[in-house]
Every structure is written in structure tokens, then in C-alpha cells.
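S.K.: Below is the structure I would like to discuss, written out as C-alpha cells.
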Amino acid sequence: MKIKRFVCNAFQENAYVVSEGADCIIIDPGFTSSELPALYDYLAAEGLTPTAILLTHSHPDHVCGLQALVERFGIAVQAGAALYGFTVIKTPGHTPDSVCYYNEAEHILFTGDTLFAGTIGRTDLPGGNYDDEIRSIMEKLIFLPGETVIYPGHGPASTIARERIQNPFLEPFNEREELDLD
């Protein structure tokens with residue numbers, strides 16, 4: 001499975017193209033109209049055909065390219081998770097509709113704005129709830145295997161193990177023996 005990250009729009013949102021063979025899915029298409037040509041060029045150069053679009057939540061910075069992609073490729077939203085081995089994990093907190101996509105076999109987790117490297121998603125926007133956010137992370141994500149790579153909606157990738165020991169929002173639960181920081 002190949003993962004290509006695009007950093008999009010003024011909010012530096014991470015959009016991902018996940019491919020296996022000639023088919024791909026697009027996760028959180030935050031592309032502005034001026035950024036879409038880079039995506040189209042990548043798809044053409046790699047010989048990829050989008051088969052589905054997955055959304056982690058519905059904030060504008062994560063969906064601004066959605067309509068253009070649906071119109072261009074005639075693809076469905078949210079229909080391709082199972083085809084790529086993704087389990088949908090409901091993670092309310094950042095928004096009531098937040099979800100993460102987990103592929104156990106590949107040890108990858110697309111977290112949207114639920115969990116980032118070193119922090120968690122904002123909960124001060126309409127619909128956000130801090131208690132739900134912490135509960136979602138602590139009950140559904142943090143006990144995934146430590147080698148699971150997280151691909152967040154903003155910023156760099158991380159791992160579950162690294163977040164267990166370094167994320168200050170999860171500090172009461174940090175486990176030093178989980179990760180060799182050398």
C-alpha cells in the first residue's frame with residue numbers, strides 16, 4: 001500500500017492518496033482549485049484511478065476539493081473503506097461526526113483532527129467536546145499496537161507508541177518503556 005500526502009489550503013491540511021495497484025482512494029480532499037492540478041498530475045503520472053473518497057470529518061479545510069473530485073471522477077464518498085481493509089472507528093470530540101480509518105494489517109491509522117503528533121484536535125469549535133475527544137482517543141485509539149503509524153489531518157506522521165509517551169494531552173497515561181527514542 002502506497003501513501004502520498006498533499007499539504008493543502010491555508011490551514012495546511014493533509015490530504016492523502018492511498019493506492020494499491022492502479023486503484024486509489026483519497027482521504028480528506030482539502031484541495032483548493034489551484035491545488036487540484038498537482039493531484040491530477042500525480043494521479044496521471046502514477047496511472048491511478050480514484051475509486052472512493054473517505055472523510056474523517058466535515059470541516060471545510062478537509063472537504064473543499066470534494067465536489068470537484070466527485071464531478072471529475074464520479075466517485076462515491078465513504079464507500080471504499082472496506083475495500084482497502086480499513087475499519088471505521090467513530091471518534092467524536094473534534095466534531096460529532098469524526099472518524100478514523102484503521103488498517104490493522106498495514107499498521108496505519110488516518111486520524112483526521114482527532115489525534116496529531118504531540119497534540120489532539122481542537123474542541124472549541126461548534127460541535128466540539130473535549131471529554132468526548134479524550135474518551136475517543138483513550139478508549140479507541142491509544143491501545144492500538146504501538147507500531148501503528150498515525151497519519152493526521154495536519155502536521156507530521158507519528159506512531160501510537162510515540163503518542164503514548166510524548167503527547168502532553170495523554171501524559172497521565174504515558175508509558176516510557178513503550179518506545180526507544182534513540
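Note on naming: chains are A, B, ... as they come in the C-alpha cells, residues start from 1 per chain, ligands start from 1 in the order shown.
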Mind the document's chain letters and residue numbers, and return as a VMD selection string the residues of stretch 93-131 of chain A that DSSP labels strand (DSSP E or B).

M.R.: chain A and resid 99 to 103 108 to 112 115 to 116 119 to 120

S.K.: Okay, now the selection with C-alpha atoms, as a JSON list (two decimals), in the first residue's frame?

M.R.:
```
[["chain", "number", "residue", "atom", "x", "y", "z"],
["A", 99, "VAL", "CA", -13.98, 9.09, 12.38],
["A", 100, "CYS", "CA", -10.58, 7.45, 11.94],
["A", 101, "TYR", "CA", -9.62, 4.79, 9.41],
["A", 102, "TYR", "CA", -7.55, 1.88, 10.69],
["A", 103, "ASN", "CA", -5.84, -0.81, 8.63],
["A", 108, "ILE", "CA", -1.77, 2.53, 9.67],
["A", 109, "LEU", "CA", -4.36, 4.90, 11.11],
["A", 110, "PHE", "CA", -5.72, 8.03, 9.46],
["A", 111, "THR", "CA", -6.76, 10.21, 12.40],
["A", 112, "GLY", "CA", -8.09, 13.37, 10.79],
["A", 115, "LEU", "CA", -5.03, 12.85, 17.20],
["A", 116, "PHE", "CA", -1.90, 14.61, 15.97],
["A", 119, "THR", "CA", -1.39, 17.09, 20.47],
["A", 120, "ILE", "CA", -5.09, 16.44, 19.95]]
```

S.K.: Could you pull out all residues of stretch 15-73 of chain A with a DSSP call of helix (DSSP H, G or I) and give them as a list in words?

M.R.: Leu36, Pro37, Ala38, Leu39, Tyr40, Asp41, Tyr42, Leu43, Ala44, Ala45, Glu46, Pro60, Asp61, His62, Val63, Leu66, Gln67, Ala68, Leu69, Val70, Glu71, Arg72 and Phe73 of chain A

S.K.: How would the residues just chosen look if you wrote them out with C-alpha atoms as a PDB file, in the first residue's frame?

M.R.:
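In the end it all went to result.pdb:
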```pdb
ATOM      1  CA  LEU A  36      -6.123  20.260  -7.731  1.00  0.00           C
ATOM      2  CA  PRO A  37      -3.796  20.206 -10.791  1.00  0.00           C
ATOM      3  CA  ALA A  38      -0.982  18.797  -8.631  1.00  0.00           C
ATOM      4  CA  LEU A  39      -3.281  15.965  -7.576  1.00  0.00           C
ATOM      5  CA  TYR A  40      -4.384  15.315 -11.160  1.00  0.00           C
ATOM      6  CA  ASP A  41      -0.751  15.300 -12.328  1.00  0.00           C
ATOM      7  CA  TYR A  42       0.184  12.808  -9.605  1.00  0.00           C
ATOM      8  CA  LEU A  43      -2.713  10.506 -10.457  1.00  0.00           C
ATOM      9  CA  ALA A  44      -1.815  10.597 -14.159  1.00  0.00           C
ATOM     10  CA  ALA A  45       1.915  10.050 -13.551  1.00  0.00           C
ATOM     11  CA  GLU A  46       1.211   7.074 -11.280  1.00  0.00           C
ATOM     12  CA  PRO A  60     -14.265  22.942   5.230  1.00  0.00           C
ATOM     13  CA  ASP A  61     -10.473  22.560   5.249  1.00  0.00           C
ATOM     14  CA  HIS A  62     -10.896  18.783   4.828  1.00  0.00           C
ATOM     15  CA  VAL A  63     -13.598  18.809   2.157  1.00  0.00           C
ATOM     16  CA  LEU A  66     -14.671  17.162  -2.586  1.00  0.00           C
ATOM     17  CA  GLN A  67     -17.185  18.480  -5.101  1.00  0.00           C
ATOM     18  CA  ALA A  68     -14.598  18.911  -7.849  1.00  0.00           C
ATOM     19  CA  LEU A  69     -13.349  15.340  -7.362  1.00  0.00           C
ATOM     20  CA  VAL A  70     -16.832  13.825  -7.304  1.00  0.00           C
ATOM     21  CA  GLU A  71     -17.684  15.691 -10.509  1.00  0.00           C
ATOM     22  CA  ARG A  72     -14.429  14.797 -12.278  1.00  0.00           C
ATOM     23  CA  PHE A  73     -14.251  11.115 -11.319  1.00  0.00           C
TER      24      PHE A  73
END
```

S.K.: Find the residue from A:Gln12, A:Val17, A:Asp132, A:Ala52 that sits nearest to A:Gly155; use only C-alpha atoms when measuring.

M.R.: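 Nearest candidate to A:Gly155 out of A:Gln12, A:Val17, A:Asp132, A:Ala52: A:Gln12.
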
S.K.: Return the single residue from A:Phe143, A:Tyr130, A:Phe169, A:Phe11 that is closest to A:Gly118, with distances computed using only C-alpha atoms.

M.R.: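 Going through A:Phe143, A:Tyr130, A:Phe169, A:Phe11 one by one, the smallest distance to A:Gly118 is for A:Phe169.
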
S.K.: Measuring between only C-alpha atoms, which one of A:Pro96, A:Gly146, A:Pro156, A:Ile53 shows the shortest distance to A:Asp131?

M.R.: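 Closest candidate: A:Pro96.
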
S.K.: Here is a test: counting only C-alpha atoms, which residue of A:Thr95, A:Leu54, A:Pro145, A:Cys64 is nearest to A:Ala82?

M.R.: A:Leu54

S.K.: Using only C-alpha atoms, which of the listed residues (A:Leu48, A:Ala117, A:Ile134, A:Ala15) sits closest to A:Ile150?

M.R.: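 Using only C-alpha atoms, the shortest distance to A:Ile150 belongs to A:Ala117.
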
S.K.: Which residue gives the smallest distance to A:Ser33 among A:Arg135, A:Asn9, A:Pro152, A:His59, with only C-alpha atoms counted?

M.R.: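 Comparing A:Arg135, A:Asn9, A:Pro152, A:His59 against A:Ser33, the winner is A:Asn9.
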